[in-house]
>>> print(open('input-v7.pdb').read())   # PDB, C-alpha atoms and all ligand atoms
ATOM      1  CA  MET P   1      82.500 100.096 111.306
ATOM      2  CA  MET P   2      81.746 101.719 114.674
ATOM      3  CA  ASP P   3      81.143 105.458 114.798
ATOM      4  CA  ALA P   4      83.645 107.584 116.713
ATOM      5  CA  THR P   5      81.593 108.067 119.889
ATOM      6  CA  ARG P   6      80.805 104.382 120.267
ATOM      7  CA  MET P   7      84.432 103.542 119.609
ATOM      8  CA  ARG P   8      85.577 105.925 122.357
ATOM      9  CA  LYS P   9      83.144 104.440 124.840
ATOM     10  CA  ALA P  10      84.180 100.911 123.949
ATOM     11  CA  ALA P  11      87.848 101.850 124.239
ATOM     12  CA  GLY P  12      87.475 103.304 127.744
ATOM     13  CA  ALA P  13      84.773 101.164 129.315
ATOM     14  CA  SER P  14      86.786  98.032 130.080
ATOM     15  CA  ASP P  15      89.632  99.919 131.783
ATOM     16  CA  LYS P  16      89.259 100.062 135.569
ATOM     17  CA  ARG P  17      92.590 101.755 136.278
ATOM     18  CA  SER P  18      92.576 105.119 138.020
ATOM     19  CA  THR P  19      93.122 108.352 136.116
ATOM     20  CA  LYS P  20      96.730 109.450 135.904
ATOM     21  CA  MET P  21      96.310 112.597 133.838
ATOM     22  CA  PHE P  22      93.257 114.374 132.574
ATOM     23  CA  VAL P  23      93.197 116.721 129.623
ATOM     24  CA  GLU P  24      90.000 118.728 129.832
ATOM     25  CA  SER P  25      88.743 120.720 126.835
ATOM     26  CA  ALA P  26      92.221 121.789 125.792
ATOM     27  CA  THR P  27      92.247 124.513 123.147
ATOM     28  CA  LYS P  28      95.363 126.163 121.824
ATOM     29  CA  TYR P  29      95.934 129.065 119.469
ATOM     30  CA  TYR P  30      99.445 130.141 118.526
ATOM     31  CA  GLN P  31      99.799 133.844 117.840
ATOM     32  CA  THR P  32     102.096 134.512 114.911
ATOM     33  CA  ARG P  33     103.004 137.612 112.911
ATOM     34  CA  THR P  34     100.674 136.492 110.129
ATOM     35  CA  GLY P  35      97.714 135.684 112.383
ATOM     36  CA  SER P  36      96.656 133.021 114.831
ATOM     37  CA  VAL P  37      97.020 129.269 114.275
ATOM     38  CA  HIS P  38      94.309 127.080 115.774
ATOM     39  CA  ALA P  39      96.335 124.037 116.850
ATOM     40  CA  LEU P  40      94.050 122.241 119.348
ATOM     41  CA  ASP P  41      90.294 122.370 119.578
ATOM     42  CA  ASN P  42      88.532 121.200 122.719
ATOM     43  CA  VAL P  43      90.649 118.095 123.265
ATOM     44  CA  SER P  44      89.599 115.920 126.189
ATOM     45  CA  LEU P  45      91.619 112.844 126.993
ATOM     46  CA  GLU P  46      92.016 110.622 130.006
ATOM     47  CA  VAL P  47      95.327 108.850 130.611
ATOM     48  CA  ARG P  48      95.008 105.851 132.908
ATOM     49  CA  ASP P  49      97.572 104.838 135.494
ATOM     50  CA  GLY P  50     100.114 102.438 133.989
ATOM     51  CA  GLU P  51      98.706 102.472 130.474
ATOM     52  CA  PHE P  52     100.575 102.768 127.199
ATOM     53  CA  LEU P  53      98.607 105.349 125.238
ATOM     54  CA  CYS P  54      99.574 106.222 121.681
ATOM     55  CA  ILE P  55      98.451 109.465 120.096
ATOM     56  CA  LEU P  56      98.280 108.985 116.342
ATOM     57  CA  GLY P  57      97.700 111.703 113.792
ATOM     58  CA  PRO P  58      98.936 113.227 110.540
ATOM     59  CA  SER P  59     101.802 115.687 110.495
ATOM     60  CA  GLY P  60     100.844 119.159 111.744
ATOM     61  CA  CYS P  61      97.636 118.053 113.486
ATOM     62  CA  GLY P  62      98.743 119.251 116.926
ATOM     63  CA  LYS P  63     100.269 116.115 118.485
ATOM     64  CA  SER P  64     103.358 117.902 119.773
ATOM     65  CA  THR P  65     101.277 120.842 120.957
ATOM     66  CA  LEU P  66      99.125 118.451 122.997
ATOM     67  CA  LEU P  67     102.060 116.481 124.397
ATOM     68  CA  TRP P  68     104.108 119.578 125.247
ATOM     69  CA  SER P  69     101.087 121.006 127.051
ATOM     70  CA  MET P  70     100.794 117.757 129.014
ATOM     71  CA  GLY P  71     104.440 118.215 129.972
ATOM     72  CA  GLY P  72     103.829 121.782 131.158
ATOM     73  CA  LEU P  73     105.955 123.247 128.349
ATOM     74  CA  HIS P  74     103.093 125.081 126.584
ATOM     75  CA  ASP P  75     100.261 127.233 127.915
ATOM     76  CA  LEU P  76      96.762 126.409 126.735
ATOM     77  CA  SER P  77      94.440 129.107 125.419
ATOM     78  CA  ASP P  78      91.539 127.356 127.132
ATOM     79  CA  GLY P  79      90.884 124.222 129.170
ATOM     80  CA  GLU P  80      93.264 122.539 131.590
ATOM     81  CA  ILE P  81      95.510 119.571 132.238
ATOM     82  CA  ARG P  82      95.702 117.831 135.571
ATOM     83  CA  LEU P  83      98.095 115.262 137.009
ATOM     84  CA  GLY P  84      95.923 113.735 139.709
ATOM     85  CA  PRO P  85      94.419 116.816 141.358
ATOM     86  CA  GLU P  86      97.322 119.064 140.369
ATOM     87  CA  LYS P  87      96.963 121.527 137.508
ATOM     88  CA  ILE P  88      99.924 121.347 135.120
ATOM     89  CA  THR P  89     101.218 124.756 134.047
ATOM     90  CA  ARG P  90     104.956 124.137 134.170
ATOM     91  CA  PRO P  91     107.320 121.134 134.083
ATOM     92  CA  HIS P  92     106.625 118.713 136.907
ATOM     93  CA  PRO P  93     109.093 116.319 138.605
ATOM     94  CA  GLU P  94     106.759 113.348 138.032
ATOM     95  CA  ILE P  95     106.719 113.977 134.267
ATOM     96  CA  ALA P  96     109.596 113.297 131.866
ATOM     97  CA  MET P  97     109.734 114.079 128.161
ATOM     98  CA  ILE P  98     111.629 112.346 125.366
ATOM     99  CA  PHE P  99     111.896 113.948 121.933
ATOM    100  CA  GLN P 100     112.799 112.824 118.430
ATOM    101  CA  ASP P 101     116.208 114.358 118.907
ATOM    102  CA  ALA P 102     118.074 112.889 121.889
ATOM    103  CA  ASN P 103     119.101 116.440 122.873
ATOM    104  CA  LEU P 104     122.422 115.408 124.354
ATOM    105  CA  LEU P 105     124.895 118.229 124.935
ATOM    106  CA  PRO P 106     127.766 117.604 122.487
ATOM    107  CA  TRP P 107     130.450 118.901 124.859
ATOM    108  CA  ARG P 108     129.463 116.561 127.675
ATOM    109  CA  ASN P 109     130.173 112.862 127.790
ATOM    110  CA  LEU P 110     127.381 110.354 128.409
ATOM    111  CA  ALA P 111     127.787 110.318 132.197
ATOM    112  CA  ALA P 112     127.732 114.119 132.376
ATOM    113  CA  ASN P 113     124.711 114.303 130.082
ATOM    114  CA  ILE P 114     122.791 111.835 132.228
ATOM    115  CA  ALA P 115     123.771 113.713 135.401
ATOM    116  CA  LEU P 116     122.337 116.978 134.040
ATOM    117  CA  PRO P 117     118.787 116.680 135.486
ATOM    118  CA  PHE P 118     120.294 116.157 138.939
ATOM    119  CA  GLU P 119     122.559 119.198 138.532
ATOM    120  CA  LEU P 120     119.621 121.332 137.447
ATOM    121  CA  LYS P 121     117.678 120.236 140.513
ATOM    122  CA  ARG P 122     120.765 120.506 142.749
ATOM    123  CA  LYS P 123     120.270 116.946 143.910
ATOM    124  CA  PRO P 124     122.867 114.229 144.474
ATOM    125  CA  VAL P 125     123.251 111.964 141.425
ATOM    126  CA  ASP P 126     121.496 108.616 141.915
ATOM    127  CA  GLN P 127     124.419 106.598 140.552
ATOM    128  CA  GLU P 128     122.972 103.238 141.537
ATOM    129  CA  ARG P 129     119.811 103.887 139.567
ATOM    130  CA  ILE P 130     121.746 105.278 136.598
ATOM    131  CA  ASP P 131     124.081 102.268 136.503
ATOM    132  CA  ALA P 132     121.147  99.864 136.559
ATOM    133  CA  LEU P 133     119.487 101.767 133.705
ATOM    134  CA  LEU P 134     122.720 101.915 131.670
ATOM    135  CA  LYS P 135     123.033  98.141 132.016
ATOM    136  CA  ARG P 136     119.373  97.726 131.122
ATOM    137  CA  VAL P 137     119.732  99.554 127.798
ATOM    138  CA  ASP P 138     123.193  98.101 127.012
ATOM    139  CA  LEU P 139     125.096 101.363 127.458
ATOM    140  CA  TRP P 140     127.145 100.176 130.425
ATOM    141  CA  GLY P 141     130.808 100.979 129.733
ATOM    142  CA  PHE P 142     130.030 103.881 127.367
ATOM    143  CA  GLU P 143     129.849 106.567 130.055
ATOM    144  CA  SER P 144     132.972 108.407 128.916
ATOM    145  CA  LYS P 145     131.898 108.537 125.241
ATOM    146  CA  PHE P 146     130.714 111.773 123.677
ATOM    147  CA  PRO P 147     127.426 111.963 121.725
ATOM    148  CA  ARG P 148     129.255 112.168 118.357
ATOM    149  CA  GLU P 149     130.852 108.796 119.125
ATOM    150  CA  LEU P 150     127.460 107.106 119.534
ATOM    151  CA  SER P 151     124.908 105.915 116.963
ATOM    152  CA  GLY P 152     121.441 107.500 116.803
ATOM    153  CA  GLY P 153     119.931 104.507 118.611
ATOM    154  CA  MET P 154     122.546 104.707 121.379
ATOM    155  CA  GLN P 155     121.940 108.441 121.788
ATOM    156  CA  GLN P 156     118.230 107.842 122.104
ATOM    157  CA  ARG P 157     118.864 105.059 124.650
ATOM    158  CA  ALA P 158     120.978 107.558 126.616
ATOM    159  CA  SER P 159     118.139 110.063 126.564
ATOM    160  CA  ILE P 160     115.806 107.345 127.918
ATOM    161  CA  VAL P 161     118.281 106.671 130.746
ATOM    162  CA  ARG P 162     118.530 110.407 131.450
ATOM    163  CA  SER P 163     114.761 110.809 131.733
ATOM    164  CA  LEU P 164     114.209 107.637 133.791
ATOM    165  CA  SER P 165     117.125 108.416 136.120
ATOM    166  CA  VAL P 166     114.993 110.840 138.139
ATOM    167  CA  ASN P 167     112.246 108.186 138.397
ATOM    168  CA  PRO P 168     109.246 109.992 136.891
ATOM    169  CA  SER P 169     105.885 108.209 136.899
ATOM    170  CA  LEU P 170     104.685 109.596 133.563
ATOM    171  CA  LEU P 171     106.748 109.454 130.395
ATOM    172  CA  LEU P 172     105.755 111.646 127.443
ATOM    173  CA  MET P 173     107.434 110.621 124.188
ATOM    174  CA  ASP P 174     107.193 112.783 121.048
ATOM    175  CA  GLU P 175     107.981 110.627 117.967
ATOM    176  CA  PRO P 176     111.076 109.456 119.840
ATOM    177  CA  PHE P 177     112.203 106.925 117.224
ATOM    178  CA  GLY P 178     111.130 108.877 114.141
ATOM    179  CA  ALA P 179     114.675 109.678 113.057
ATOM    180  CA  LEU P 180     116.034 106.136 113.417
ATOM    181  CA  ASP P 181     116.397 103.551 110.667
ATOM    182  CA  ALA P 182     113.675 100.882 110.525
ATOM    183  CA  PHE P 183     115.718  98.125 112.176
ATOM    184  CA  THR P 184     116.856 100.299 115.083
ATOM    185  CA  ARG P 185     113.313 101.577 115.463
ATOM    186  CA  ASP P 186     111.987  98.002 115.852
ATOM    187  CA  GLU P 187     114.642  97.326 118.481
ATOM    188  CA  MET P 188     113.757 100.529 120.339
ATOM    189  CA  ASN P 189     110.073  99.606 120.252
ATOM    190  CA  LEU P 190     110.889  96.269 121.894
ATOM    191  CA  LEU P 191     113.069  98.011 124.485
ATOM    192  CA  ILE P 192     110.496 100.624 125.444
ATOM    193  CA  GLN P 193     107.833  97.919 125.708
ATOM    194  CA  GLU P 194     110.070  95.933 128.064
ATOM    195  CA  ILE P 195     110.863  98.993 130.183
ATOM    196  CA  TRP P 196     107.156  99.803 130.377
ATOM    197  CA  MET P 197     106.321  96.238 131.471
ATOM    198  CA  GLU P 198     109.147  96.143 134.030
ATOM    199  CA  THR P 199     108.548  99.557 135.600
ATOM    200  CA  GLY P 200     104.779 100.033 135.374
ATOM    201  CA  LYS P 201     105.285 103.635 134.214
ATOM    202  CA  THR P 202     102.506 105.420 132.397
ATOM    203  CA  ILE P 203     103.545 106.237 128.832
ATOM    204  CA  VAL P 204     101.972 108.637 126.357
ATOM    205  CA  PHE P 205     103.640 108.116 122.994
ATOM    206  CA  VAL P 206     103.087 110.347 119.970
ATOM    207  CA  THR P 207     103.601 108.881 116.520
ATOM    208  CA  HIS P 208     102.376 109.218 112.962
ATOM    209  CA  SER P 209     103.166 105.547 112.277
ATOM    210  CA  ILE P 210     100.096 103.311 112.391
ATOM    211  CA  SER P 211     102.060 100.096 112.928
ATOM    212  CA  GLU P 212     104.209 101.618 115.666
ATOM    213  CA  ALA P 213     101.033 102.708 117.474
ATOM    214  CA  ILE P 214      99.394  99.259 117.194
ATOM    215  CA  PHE P 215     102.581  97.476 118.197
ATOM    216  CA  LEU P 216     103.041  99.524 121.384
ATOM    217  CA  ALA P 217      99.680 100.729 122.584
ATOM    218  CA  ASP P 218      97.062  99.543 125.038
ATOM    219  CA  ARG P 219      94.937 102.213 123.444
ATOM    220  CA  VAL P 220      95.306 104.485 120.427
ATOM    221  CA  ALA P 221      93.783 107.972 120.326
ATOM    222  CA  VAL P 222      93.455 109.207 116.743
ATOM    223  CA  MET P 223      93.682 112.962 116.157
ATOM    224  CA  SER P 224      91.964 114.841 113.363
ATOM    225  CA  ALA P 225      93.752 117.236 111.020
ATOM    226  CA  ARG P 226      94.329 120.742 112.424
ATOM    227  CA  PRO P 227      92.737 122.028 114.540
ATOM    228  CA  GLY P 228      93.505 118.816 116.414
ATOM    229  CA  ARG P 229      90.613 116.992 118.039
ATOM    230  CA  ILE P 230      90.357 113.441 119.323
ATOM    231  CA  LYS P 231      88.583 111.765 116.451
ATOM    232  CA  SER P 232      88.394 108.233 117.852
ATOM    233  CA  GLU P 233      89.925 105.829 120.325
ATOM    234  CA  LEU P 234      90.738 102.198 119.775
ATOM    235  CA  ARG P 235      91.772  99.617 122.343
ATOM    236  CA  ILE P 236      94.463  97.218 121.086
ATOM    237  CA  GLU P 237      93.637  93.821 122.531
ATOM    238  CA  LEU P 238      96.891  92.074 121.613
ATOM    239  CA  PRO P 239      98.660  90.388 124.549
ATOM    240  CA  HIS P 240     101.967  91.745 125.892
ATOM    241  CA  PRO P 241     104.838  91.211 125.451
ATOM    242  CA  ARG P 242     104.477  91.732 121.727
ATOM    243  CA  HIS P 243     107.031  90.542 119.243
ATOM    244  CA  TYR P 244     107.436  92.124 115.827
ATOM    245  CA  THR P 245     106.424  88.873 114.098
ATOM    246  CA  MET P 246     102.977  89.865 115.398
ATOM    247  CA  LYS P 247     102.913  92.576 112.737
ATOM    248  CA  THR P 248     102.054  89.922 110.150
ATOM    249  CA  SER P 249      99.150  88.443 112.156
ATOM    250  CA  PRO P 250      95.534  88.786 110.961
ATOM    251  CA  GLU P 251      94.571  90.661 114.173
ATOM    252  CA  PHE P 252      97.325  93.205 113.571
ATOM    253  CA  SER P 253      96.160  93.670 109.976
ATOM    254  CA  ARG P 254      92.598  94.248 111.147
ATOM    255  CA  TYR P 255      93.705  97.031 113.498
ATOM    256  CA  LYS P 256      95.820  98.451 110.726
ATOM    257  CA  ALA P 257      92.895  98.519 108.297
ATOM    258  CA  GLU P 258      90.670 100.157 110.905
ATOM    259  CA  LEU P 259      93.201 102.876 111.786
ATOM    260  CA  THR P 260      94.213 103.465 108.167
ATOM    261  CA  GLU P 261      90.579 104.166 107.397
ATOM    262  CA  GLN P 262      90.359 106.543 110.385
ATOM    263  CA  ILE P 263      93.473 108.465 109.487
ATOM    264  CA  ARG P 264      93.295 108.510 105.673
ATOM    265  CA  VAL P 265      90.694 111.272 105.623
ATOM    266  CA  GLU P 266      92.651 113.334 108.153
ATOM    267  CA  ALA P 267      95.909 112.967 106.270
ATOM    268  CA  MET P 268      94.168 114.216 103.127
ATOM    269  CA  LYS P 269      92.755 117.226 104.994
ATOM    270  CA  ALA P 270      96.195 117.905 106.468
ATOM    271  CA  ALA P 271      97.739 117.828 102.980
ATOM    272  CA  GLN P 272      95.168 120.369 101.781
ATOM    273  CA  LEU P 273      95.978 122.617 104.763
ATOM    274  CA  ALA P 274      99.655 122.406 103.881
ATOM    275  CA  ASP P 275      98.930 123.337 100.253
ATOM    276  CA  ALA P 276      96.759 126.321 101.188
TER
HETATM  277  P1  LIG P 301     102.367 117.749 114.988
HETATM  278  O1  LIG P 301     103.253 117.485 116.141
HETATM  279  O2  LIG P 301     101.128 116.909 114.957
HETATM  280  O3  LIG P 301     103.090 117.643 113.672
HETATM  281  P2  LIG P 301     102.323 120.486 116.018
HETATM  282  O4  LIG P 301     101.695 120.397 117.356
HETATM  283  O5  LIG P 301     103.801 120.602 115.973
HETATM  284  O6  LIG P 301     101.826 119.263 115.095
HETATM  285  O7  LIG P 301     101.720 121.725 115.237
HETATM  286  C1  LIG P 301     100.335 121.939 115.070
HETATM  287  C2  LIG P 301     100.120 123.211 114.259
HETATM  288  O8  LIG P 301     100.567 124.328 115.003
HETATM  289  C3  LIG P 301     100.921 123.220 112.960
HETATM  290  O9  LIG P 301     100.146 123.871 111.987
HETATM  291  C4  LIG P 301     102.145 124.047 113.305
HETATM  292  O10 LIG P 301     102.642 124.712 112.164
HETATM  293  C5  LIG P 301     101.590 125.027 114.316
HETATM  294  N1  LIG P 301     102.603 125.422 115.317
HETATM  295  C6  LIG P 301     103.336 124.609 116.109
HETATM  296  N2  LIG P 301     104.141 125.303 116.929
HETATM  297  C7  LIG P 301     103.934 126.610 116.625
HETATM  298  C8  LIG P 301     104.482 127.850 117.122
HETATM  299  N3  LIG P 301     105.373 127.869 118.098
HETATM  300  N4  LIG P 301     104.019 128.992 116.564
HETATM  301  C9  LIG P 301     103.092 128.974 115.581
HETATM  302  N5  LIG P 301     102.545 127.860 115.080
HETATM  303  C10 LIG P 301     102.943 126.686 115.594
HETATM  304 MG    MG P 302     105.244 116.910 116.243
END
>>> encode(input="input-v7.pdb", output="structure tokens", more="lines below")
Ligand code: ADP
Ligand code: MG
Amino acid sequence: MMDATRMRKAAGASDKRSTKMFVESATKYYQTRTGSVHALDNVSLEVRDGEFLCILGPSGCGKSTLLWSMGGLHDLSDGEIRLGPEKITRPHPEIAMIFQDANLLPWRNLAANIALPFELKRKPVDQERIDALLKRVDLWGFESKFPRELSGGMQQRASIVRSLSVNPSLLLMDEPFGALDAFTRDEMNLLIQEIWMETGKTIVFVTHSISEAIFLADRVAVMSARPGRIKSELRIELPHPRHYTMKTSPEFSRYKAELTEQIRVEAMKAAQLADA
């Protein structure tokens, strides 16, 4: 087995794409009433233009903290995050976020929910783009439905339409399919892969599922237990488009064994932290 440093070099070396986002020595402490929580420790990570990067780590290791910081929703205690040359300290129009919860407003129908980002920015609604996206994710004709009338998968598809409607170049997804049943999750994985291939967007996708990470990613960055660090990086050399039958292939199993080994130790440390 390769050591972590060699793995990181191997994972990055063959990629000639330009840097989309750079996380430089990101450290984060949360101040709470009972003391400070060290969530991120000196995390450096390069996101390449057009890549599908998965961030994999046990629960509580700082994945959301890292992703939210990349989206300009959290301040860092130290270090910085840049989109191209621009330092990210607040939400940026090029960056969209998708969460585990679709976050649709229950009193608005689908059309009104999707129009919300335009209202907030006081911009005319790009109906042509929205209609194309609705058709793309099979929600065409559901515009007048309210969130409670839609399944979890449909709500999450609506949130994807909402975030892509303003045409961001970087999509940050925080365990977006974690609350869906296994079948719907597989379907959503296929859909997001297709959208990624069609649009050339850069995607950073947080998950604690090893197979979801292998299925989707160009590259997987494994995080250590809290305080979160990048423990290793692994390039996934499976051709796209990927089909879920690939999950039973020997190559897929090899990646799974490798990542399971990487993450097993961290998950155990995380469990001890939770017990303490
Ligand atoms: P993950 O997404 O990997 O599960 P998080 O980034 O949500 O991890 O959390 C990392 C650590 O920081 C956890 O120990 C969590 O309890 C703590 N944490 C997260 N948000 C806050 C907050 N707002 N205040 C205090 N501690 C927090
Ligand atoms: Mg999280």
>>> residues_around(input="input-v7.pdb", residues="segment 259-266 of chain P", least_positions_apart="2", cutoff="10 Å", atoms="all atoms listed in the file", output="VMD selection string")
chain P and resid 1 4 56 to 59 61 208 210 to 211 213 to 214 220 to 226 228 231 to 234 253 to 257 268 to 272
>>> residues_near_ligand(input="input-v7.pdb", ligand="ligand MG 302 (chain P)", cutoff="8 Å", atoms="only C-alpha atoms and all ligand atoms", output="list in words")
Ser59, Gly60, Gly62, Lys63, Ser64, Thr65, Asp174, Glu175 and Val206 of chain P
>>> resolve_selection(input="input-v7.pdb", expression="the PyMOL selection byres (((chain P and resi 179) around 12) and not hetatm)", output="JSON, numbers by chain")
{"P": [99, 100, 101, 102, 151, 152, 153, 155, 156, 174, 175, 176, 177, 178, 180, 181, 182, 183, 184, 185, 188, 207]}
>>> write_last_selection(input="input-v7.pdb", atoms="C-alpha atoms", output="CSV table (one decimal), in the coordinates of the input")
chain,number,residue,atom,x,y,z
P,99,PHE,CA,111.9,113.9,121.9
P,100,GLN,CA,112.8,112.8,118.4
P,101,ASP,CA,116.2,114.4,118.9
P,102,ALA,CA,118.1,112.9,121.9
P,151,SER,CA,124.9,105.9,117.0
P,152,GLY,CA,121.4,107.5,116.8
P,153,GLY,CA,119.9,104.5,118.6
P,155,GLN,CA,121.9,108.4,121.8
P,156,GLN,CA,118.2,107.8,122.1
P,174,ASP,CA,107.2,112.8,121.0
P,175,GLU,CA,108.0,110.6,118.0
P,176,PRO,CA,111.1,109.5,119.8
P,177,PHE,CA,112.2,106.9,117.2
P,178,GLY,CA,111.1,108.9,114.1
P,180,LEU,CA,116.0,106.1,113.4
P,181,ASP,CA,116.4,103.6,110.7
P,182,ALA,CA,113.7,100.9,110.5
P,183,PHE,CA,115.7,98.1,112.2
P,184,THR,CA,116.9,100.3,115.1
P,185,ARG,CA,113.3,101.6,115.5
P,188,MET,CA,113.8,100.5,120.3
P,207,THR,CA,103.6,108.9,116.5
>>> resolve_selection(input="input-v7.pdb", expression="the PyMOL selection byres (((chain P and resi 82) around 12) and not hetatm)", output="ChimeraX atom specification")
/P:19-26,44-47,69-72,79-81,83-90,92,95
>>> residues_around(input="input-v7.pdb", residues="Ser165 of chain P", least_positions_apart="6", cutoff="9 Å", atoms="only C-alpha atoms", output="list in words")
Ile114, Ala115, Pro117, Phe118, Val125, Asp126, Gln127, Arg129, Ile130 and Leu133 of chain P
>>> axis_aligned_box(input="input-v7.pdb", around="segment 118-124 of chain P", padding_each_side="5 Å", output="JSON")
{"center_x": 120.3, "center_y": 117.8, "center_z": 141.0, "size_x": 15.2, "size_y": 17.1, "size_z": 17.0}
>>> atom_distance(input="input-v7.pdb", atom1="atom CA of Leu66 of chain P", atom2="atom CA of Leu40 of chain P")
7.3 Å
>>> atom_distance(input="input-v7.pdb", atom1="atom N2 of ligand LIG 301 (chain P)", atom2="atom CA of Glu94 of chain P")
24.4 Å
>>> closest_residue(input="input-v7.pdb", among="P:His240, P:Lys247, P:Arg33, P:Arg48", to="ligand LIG 301 (chain P)", atoms="all atoms listed in the file")
P:Arg33
>>> atom_distance(input="input-v7.pdb", atom1="atom CA of Arg235 of chain P", atom2="atom CA of Thr248 of chain P")
18.7 Å
>>> closest_residue(input="input-v7.pdb", among="P:Ser209, P:Ser159, P:Asn103, P:Thr202", to="ligand LIG 301 (chain P)", atoms="all atoms listed in the file")
P:Ser209
>>> residues_around(input="input-v7.pdb", residues="Pro239 of chain P", least_positions_apart="4", cutoff="12 Å", atoms="all atoms listed in the file", output="number ranges by chain")
P: 193, 197, 214-218, 235, 243, 246, 251-252
>>> resolve_selection(input="input-v7.pdb", expression="the PyMOL selection byres (((chain P and resi 107) around 12) and not hetatm)", output="PyMOL selection string")
chain P and resi 103-106+108-113+144-149
>>> closest_residue(input="input-v7.pdb", among="P:Ser77, P:Thr245, P:Asn189, P:Ser36", to="ligand LIG 301 (chain P)", atoms="all atoms listed in the file")
P:Ser36
>>> closest_residue(input="input-v7.pdb", among="P:Glu194, P:Asp15, P:Ala158, P:Asn167", to="Glu237 of chain P", atoms="all atoms listed in the file")
P:Asp15
>>> closest_residue(input="input-v7.pdb", among="P:Ala96, P:Leu116, P:Leu67, P:Leu76", to="ligand LIG 301 (chain P)", atoms="all atoms listed in the file")
P:Leu67
>>> closest_residue(input="input-v7.pdb", among="P:Lys123, P:Arg229, P:Arg242, P:Lys201", to="ligand LIG 301 (chain P)", atoms="all atoms listed in the file")
P:Arg229
